[in-house]
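The next block holds one structure in the form of structure tokens; read it before the comments.
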Amino acid sequence: MAAAKTSTVRPDPNYVAEVVTRLKEAHPDAHCELNYETPLQLLLATILSAQCTDVRVNKTTPALFEKYPDVKAFAEADITELEEMVRPTGFYRMKAQRVQETCRRILTEYDGEVPDEMEDLLSLSGVARKTANVVLGEIFNKAEGVVVDTHVKRLSNKFGFTTYTDPVKIEKDLMAIISQEDWVKISHLLIFHGRRVCSARKPDCANCSLEDICPASELKK
DNA sequence: ATCCCGAGGG
DNA sequence: CCCTCTGGAT
């Protein structure tokens, strides 16, 4: 019988396990770096983090969360003032609108509480799988997938975990090769590694503990 | 595929 | 200057 063809080429499970093990050793403190105190604050911080560094989000949110202490305050905020508050994070008009629209819907449809179901989260303005996965994983401890941001996307391709560029397809590939108990952790690890070692502009292969097993190592070119 | 948008790094 | 940053909606 001829070998069954699969539509997607999977990386060697042993290789994947080795990469995960080494990432855990390299970044034992990997965690979500967005600052927040409430579920609402994490949801909003994550919406603001689109195409923006978490460092900049963290410099923006303290004043924002002080001025608007709860969902109601965001729902009733003057949109121009809200725009100015979120301006440093970029895409500020759209983000202000999404933040307010999301808070209004949480107020009117979810009794003021951030929903803990994927379907409900995805129905919110400015919330797609990446943001929903962050909230489900960090707050409710019930991740239904893997957070795929720009770092996870870049490194997943470098390590050969996926061949796709579409975040949804990348997430599906990762869910197939990473054990479910590591779904939250793998994103933290890839994001930490992507920021500190394997940056997009200048990957520091000389100081990377995975250099010898990395298909994209710059040192052997 | 394109738009939204500012700020820092190389 | 150009690229990148925990994306999402049209």
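Just remember, in the structure tokens the first chain shown is A, the second B, etc., residues are 1-based per chain, and ligands are 1-based in the order shown.
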
Residue list for chain B near chain A as a list in words, 8 Å, only C-alpha atoms (C1' of nucleotides): DC4, DC5, DG6, DA7 and DG10 of chain B

Kindly export the residues of the current selection with N, CA and C atoms (P, O5', C5', C4', C3', O3' and C1' of nucleotides), as a PDB file, in the first residue's frame.
ATOM      1  P    DC B   4      -6.477  54.914   5.673  1.00  0.00           P
ATOM      2  O5'  DC B   4      -6.460  54.506   7.217  1.00  0.00           O
ATOM      3  C5'  DC B   4      -7.673  54.131   7.868  1.00  0.00           C
ATOM      4  C4'  DC B   4      -7.342  53.466   9.182  1.00  0.00           C
ATOM      5  C3'  DC B   4      -6.378  54.281  10.054  1.00  0.00           C
ATOM      6  O3'  DC B   4      -6.934  54.432  11.338  1.00  0.00           O
ATOM      7  C1'  DC B   4      -5.704  52.023   9.922  1.00  0.00           C
ATOM      8  P    DC B   5      -6.970  55.808  12.112  1.00  0.00           P
ATOM      9  O5'  DC B   5      -5.479  55.867  12.656  1.00  0.00           O
ATOM     10  C5'  DC B   5      -4.536  56.639  12.072  1.00  0.00           C
ATOM     11  C4'  DC B   5      -3.243  56.364  12.780  1.00  0.00           C
ATOM     12  C3'  DC B   5      -2.104  57.285  12.353  1.00  0.00           C
ATOM     13  O3'  DC B   5      -1.756  58.050  13.497  1.00  0.00           O
ATOM     14  C1'  DC B   5      -1.385  55.000  12.585  1.00  0.00           C
ATOM     15  P    DG B   6      -0.796  59.254  13.452  1.00  0.00           P
ATOM     16  O5'  DG B   6       0.236  58.892  14.608  1.00  0.00           O
ATOM     17  C5'  DG B   6      -0.283  58.543  15.880  1.00  0.00           C
ATOM     18  C4'  DG B   6       0.747  57.750  16.658  1.00  0.00           C
ATOM     19  C3'  DG B   6       2.115  58.441  16.770  1.00  0.00           C
ATOM     20  O3'  DG B   6       2.543  58.340  18.107  1.00  0.00           O
ATOM     21  C1'  DG B   6       2.389  56.234  15.968  1.00  0.00           C
ATOM     22  P    DA B   7       3.646  59.386  18.637  1.00  0.00           P
ATOM     23  O5'  DA B   7       4.909  58.427  18.818  1.00  0.00           O
ATOM     24  C5'  DA B   7       4.826  57.400  19.801  1.00  0.00           C
ATOM     25  C4'  DA B   7       5.962  56.422  19.596  1.00  0.00           C
ATOM     26  C3'  DA B   7       7.345  57.082  19.491  1.00  0.00           C
ATOM     27  O3'  DA B   7       8.219  56.374  20.339  1.00  0.00           O
ATOM     28  C1'  DA B   7       7.024  55.573  17.716  1.00  0.00           C
ATOM     29  P    DG B  10      18.895  48.729  17.554  1.00  0.00           P
ATOM     30  O5'  DG B  10      19.151  48.651  15.989  1.00  0.00           O
ATOM     31  C5'  DG B  10      18.506  47.638  15.219  1.00  0.00           C
ATOM     32  C4'  DG B  10      18.730  47.889  13.739  1.00  0.00           C
ATOM     33  C3'  DG B  10      20.189  48.112  13.368  1.00  0.00           C
ATOM     34  O3'  DG B  10      20.457  47.457  12.138  1.00  0.00           O
ATOM     35  C1'  DG B  10      18.900  49.945  12.633  1.00  0.00           C
TER      36       DG B  10
END

Residues of chain A within 12 Å of chain C, counting only C-alpha atoms (C1' of nucleotides), what are they? List them as a PDB file with C-alpha atoms, in the first residue's frame.
ATOM      1  CA  HIS A  31       4.755  35.160  30.590  1.00  0.00           C
ATOM      2  CA  CYS A  32       2.216  37.676  29.318  1.00  0.00           C
ATOM      3  CA  GLU A  33       3.898  41.084  29.581  1.00  0.00           C
ATOM      4  CA  LEU A  34       0.822  43.259  29.252  1.00  0.00           C
ATOM      5  CA  ALA A  45      -4.764  46.231  26.596  1.00  0.00           C
ATOM      6  CA  THR A  46      -4.756  43.379  24.100  1.00  0.00           C
ATOM      7  CA  ILE A  47      -6.976  45.298  21.682  1.00  0.00           C
ATOM      8  CA  LEU A  48      -4.539  48.220  21.963  1.00  0.00           C
ATOM      9  CA  SER A  49      -1.528  45.936  21.390  1.00  0.00           C
ATOM     10  CA  ALA A  50      -2.302  45.462  17.690  1.00  0.00           C
ATOM     11  CA  GLN A  51       0.796  46.445  15.690  1.00  0.00           C
ATOM     12  CA  CYS A  52       2.318  48.039  18.798  1.00  0.00           C
ATOM     13  CA  THR A  53       4.936  46.926  21.302  1.00  0.00           C
ATOM     14  CA  ASP A  54       3.697  45.773  24.696  1.00  0.00           C
ATOM     15  CA  VAL A  55       6.124  48.265  26.258  1.00  0.00           C
ATOM     16  CA  ARG A  56       4.258  51.125  24.612  1.00  0.00           C
ATOM     17  CA  VAL A  57       0.874  49.683  25.597  1.00  0.00           C
ATOM     18  CA  THR A  89      -0.436  53.004  20.472  1.00  0.00           C
ATOM     19  CA  GLY A  90      -1.180  53.865  16.848  1.00  0.00           C
ATOM     20  CA  PHE A  91      -4.370  53.270  14.815  1.00  0.00           C
ATOM     21  CA  MET A  94     -10.058  52.877  15.191  1.00  0.00           C
ATOM     22  CA  LYS A  95      -8.779  51.555  18.521  1.00  0.00           C
ATOM     23  CA  ARG A  98     -13.313  49.545  19.203  1.00  0.00           C
ATOM     24  CA  LEU A 122     -15.197  36.973  18.813  1.00  0.00           C
ATOM     25  CA  LEU A 124     -16.796  41.961  20.171  1.00  0.00           C
ATOM     26  CA  SER A 125     -15.440  44.876  18.160  1.00  0.00           C
ATOM     27  CA  GLY A 126     -11.709  44.543  17.535  1.00  0.00           C
ATOM     28  CA  VAL A 127     -11.531  41.005  18.905  1.00  0.00           C
ATOM     29  CA  ALA A 128     -10.441  38.107  16.686  1.00  0.00           C
ATOM     30  CA  ARG A 129      -8.796  34.795  17.596  1.00  0.00           C
ATOM     31  CA  LYS A 130      -5.509  36.271  18.778  1.00  0.00           C
ATOM     32  CA  THR A 131      -7.141  38.565  21.332  1.00  0.00           C
ATOM     33  CA  ALA A 132      -9.781  35.995  22.311  1.00  0.00           C
ATOM     34  CA  ASN A 133      -7.068  33.390  22.911  1.00  0.00           C
ATOM     35  CA  VAL A 134      -5.157  35.815  25.136  1.00  0.00           C
ATOM     36  CA  VAL A 146      -2.762  29.233  20.444  1.00  0.00           C
ATOM     37  CA  VAL A 147      -2.095  32.973  20.433  1.00  0.00           C
ATOM     38  CA  VAL A 148      -0.567  33.754  17.041  1.00  0.00           C
ATOM     39  CA  ASP A 149       0.965  37.203  16.890  1.00  0.00           C
ATOM     40  CA  THR A 150       3.751  38.519  14.680  1.00  0.00           C
ATOM     41  CA  HIS A 151       6.491  36.784  16.715  1.00  0.00           C
ATOM     42  CA  VAL A 152       4.703  33.437  16.873  1.00  0.00           C
ATOM     43  CA  LYS A 153       4.086  33.711  13.151  1.00  0.00           C
ATOM     44  CA  ARG A 154       7.714  34.521  12.291  1.00  0.00           C
ATOM     45  CA  ASP A 166      -2.345  33.040   7.568  1.00  0.00           C
ATOM     46  CA  PRO A 167      -2.550  33.238  11.395  1.00  0.00           C
ATOM     47  CA  SER A 187       3.123  31.597  22.685  1.00  0.00           C
ATOM     48  CA  HIS A 188       4.874  33.134  25.691  1.00  0.00           C
ATOM     49  CA  LEU A 189       8.061  31.269  24.754  1.00  0.00           C
ATOM     50  CA  LEU A 190       8.027  32.238  21.082  1.00  0.00           C
ATOM     51  CA  ILE A 191       7.187  35.863  21.928  1.00  0.00           C
ATOM     52  CA  PHE A 192       9.995  36.079  24.508  1.00  0.00           C
ATOM     53  CA  GLY A 194      11.274  36.645  19.257  1.00  0.00           C
ATOM     54  CA  ARG A 195      11.748  39.810  21.287  1.00  0.00           C
ATOM     55  CA  SER A 199      14.127  39.605  16.419  1.00  0.00           C
ATOM     56  CA  ALA A 200      12.782  40.310  12.964  1.00  0.00           C
ATOM     57  CA  ARG A 201      15.365  42.961  12.146  1.00  0.00           C
ATOM     58  CA  LYS A 202      18.451  41.290  13.553  1.00  0.00           C
TER      59      LYS A 202
END

Alpha helix (DSSP H) per DSSP on the backbone: members of segment 16-215 of chain A, as an NGL selection string: :A and (16-26 or 39-48 or 54-67 or 71-76 or 79-86 or 92-109 or 118-122 or 129-138 or 150-158 or 167-177 or 183-196)

Prev. selection, C-alpha atoms, output as a CSV table (one decimal), in the first residue's frame:
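Saved as out00.csv:
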chain,number,residue,atom,x,y,z
A,16,VAL,CA,9.2,20.0,18.0
A,17,ALA,CA,9.7,18.6,21.5
A,18,GLU,CA,13.4,19.5,21.5
A,19,VAL,CA,12.6,23.1,20.4
A,20,VAL,CA,10.0,23.5,23.1
A,21,THR,CA,12.3,22.1,25.8
A,22,ARG,CA,15.1,24.4,24.8
A,23,LEU,CA,12.8,27.4,24.7
A,24,LYS,CA,11.6,26.6,28.2
A,25,GLU,CA,15.2,26.4,29.4
A,26,ALA,CA,16.1,29.7,27.7
A,39,PRO,CA,-10.2,41.0,33.0
A,40,LEU,CA,-11.5,44.1,31.3
A,41,GLN,CA,-8.1,45.8,31.5
A,42,LEU,CA,-6.4,42.8,29.8
A,43,LEU,CA,-9.0,42.7,27.1
A,44,LEU,CA,-8.6,46.4,26.3
A,45,ALA,CA,-4.8,46.2,26.6
A,46,THR,CA,-4.8,43.4,24.1
A,47,ILE,CA,-7.0,45.3,21.7
A,48,LEU,CA,-4.5,48.2,22.0
A,54,ASP,CA,3.7,45.8,24.7
A,55,VAL,CA,6.1,48.3,26.3
A,56,ARG,CA,4.3,51.1,24.6
A,57,VAL,CA,0.9,49.7,25.6
A,58,ASN,CA,2.1,49.5,29.2
A,59,LYS,CA,3.1,53.1,29.1
A,60,THR,CA,-0.3,54.1,27.8
A,61,THR,CA,-2.7,52.0,29.9
A,62,PRO,CA,-2.0,53.4,33.5
A,63,ALA,CA,-3.4,56.8,32.7
A,64,LEU,CA,-6.2,55.2,30.6
A,65,PHE,CA,-7.4,52.9,33.3
A,66,GLU,CA,-7.2,55.7,35.9
A,67,LYS,CA,-9.4,58.0,33.8
A,71,VAL,CA,-16.9,49.5,31.6
A,72,LYS,CA,-19.4,52.2,32.2
A,73,ALA,CA,-16.8,54.9,32.2
A,74,PHE,CA,-15.4,53.7,28.8
A,75,ALA,CA,-19.0,53.4,27.4
A,76,GLU,CA,-19.8,57.0,28.3
A,79,ILE,CA,-14.7,59.7,22.0
A,80,THR,CA,-12.2,62.5,21.2
A,81,GLU,CA,-10.7,62.3,24.7
A,82,LEU,CA,-10.5,58.6,24.5
A,83,GLU,CA,-8.7,58.9,21.1
A,84,GLU,CA,-6.1,61.1,22.7
A,85,MET,CA,-5.5,58.7,25.5
A,86,VAL,CA,-4.8,55.7,23.2
A,92,TYR,CA,-5.8,55.5,17.5
A,93,ARG,CA,-9.2,56.5,16.0
A,94,MET,CA,-10.1,52.9,15.2
A,95,LYS,CA,-8.8,51.6,18.5
A,96,ALA,CA,-10.7,54.2,20.5
A,97,GLN,CA,-13.9,53.3,18.6
A,98,ARG,CA,-13.3,49.5,19.2
A,99,VAL,CA,-12.6,50.0,22.9
A,100,GLN,CA,-15.8,52.0,23.4
A,101,GLU,CA,-17.9,49.8,21.3
A,102,THR,CA,-16.6,46.7,23.1
A,103,CYS,CA,-17.3,48.2,26.5
A,104,ARG,CA,-20.9,49.3,25.5
A,105,ARG,CA,-21.7,45.7,24.3
A,106,ILE,CA,-20.2,44.2,27.5
A,107,LEU,CA,-22.4,46.6,29.5
A,108,THR,CA,-25.6,46.0,27.6
A,109,GLU,CA,-25.2,42.3,26.6
A,118,MET,CA,-14.8,32.1,22.5
A,119,GLU,CA,-18.0,32.8,20.4
A,120,ASP,CA,-18.9,35.8,22.6
A,121,LEU,CA,-15.4,37.2,22.6
A,122,LEU,CA,-15.2,37.0,18.8
A,129,ARG,CA,-8.8,34.8,17.6
A,130,LYS,CA,-5.5,36.3,18.8
A,131,THR,CA,-7.1,38.6,21.3
A,132,ALA,CA,-9.8,36.0,22.3
A,133,ASN,CA,-7.1,33.4,22.9
A,134,VAL,CA,-5.2,35.8,25.1
A,135,VAL,CA,-8.2,36.5,27.3
A,136,LEU,CA,-9.3,32.8,27.5
A,137,GLY,CA,-5.8,31.6,28.3
A,138,GLU,CA,-4.6,34.3,30.7
A,150,THR,CA,3.8,38.5,14.7
A,151,HIS,CA,6.5,36.8,16.7
A,152,VAL,CA,4.7,33.4,16.9
A,153,LYS,CA,4.1,33.7,13.2
A,154,ARG,CA,7.7,34.5,12.3
A,155,LEU,CA,9.3,31.9,14.5
A,156,SER,CA,6.8,29.2,13.7
A,157,ASN,CA,7.9,29.6,10.1
A,158,LYS,CA,11.6,29.7,10.9
A,167,PRO,CA,-2.6,33.2,11.4
A,168,VAL,CA,-5.6,31.0,11.6
A,169,LYS,CA,-3.9,28.2,9.6
A,170,ILE,CA,-0.7,28.7,11.6
A,171,GLU,CA,-2.7,28.3,14.8
A,172,LYS,CA,-4.3,25.1,13.5
A,173,ASP,CA,-0.8,23.7,12.7
A,174,LEU,CA,0.5,24.6,16.1
A,175,MET,CA,-2.5,23.0,17.8
A,176,ALA,CA,-1.7,19.8,15.9
A,177,ILE,CA,2.0,19.5,17.0
A,183,TRP,CA,-0.8,26.0,24.1
A,184,VAL,CA,-0.5,29.0,26.4
A,185,LYS,CA,3.1,28.5,27.2
A,186,ILE,CA,4.3,28.1,23.6
A,187,SER,CA,3.1,31.6,22.7
A,188,HIS,CA,4.9,33.1,25.7
A,189,LEU,CA,8.1,31.3,24.8
A,190,LEU,CA,8.0,32.2,21.1
A,191,ILE,CA,7.2,35.9,21.9
A,192,PHE,CA,10.0,36.1,24.5
A,193,HIS,CA,12.5,34.5,22.1
A,194,GLY,CA,11.3,36.6,19.3
A,195,ARG,CA,11.7,39.8,21.3
A,196,ARG,CA,15.0,39.0,23.1

Between atom CA of Asp29 of chain A and atom CA of Asn207 of chain A, distance in Å (one decimal):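 Atom-to-atom, atom CA of Asp29 of chain A to atom CA of Asn207 of chain A, that is 18.0 Å.
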
Distance of atom CA of Ile139 of chain A from atom CA of Glu117 of chain A, expressed in Å to one decimal place: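 Atom-to-atom, atom CA of Glu117 of chain A and atom CA of Ile139 of chain A are spaced 11.6 Å apart.
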
Atomic separation - atom CA of His27 of chain A relative to atom CA of Pro215 of chain A, Å: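 Rounded to one decimal, the two atoms are 20.2 Å apart.
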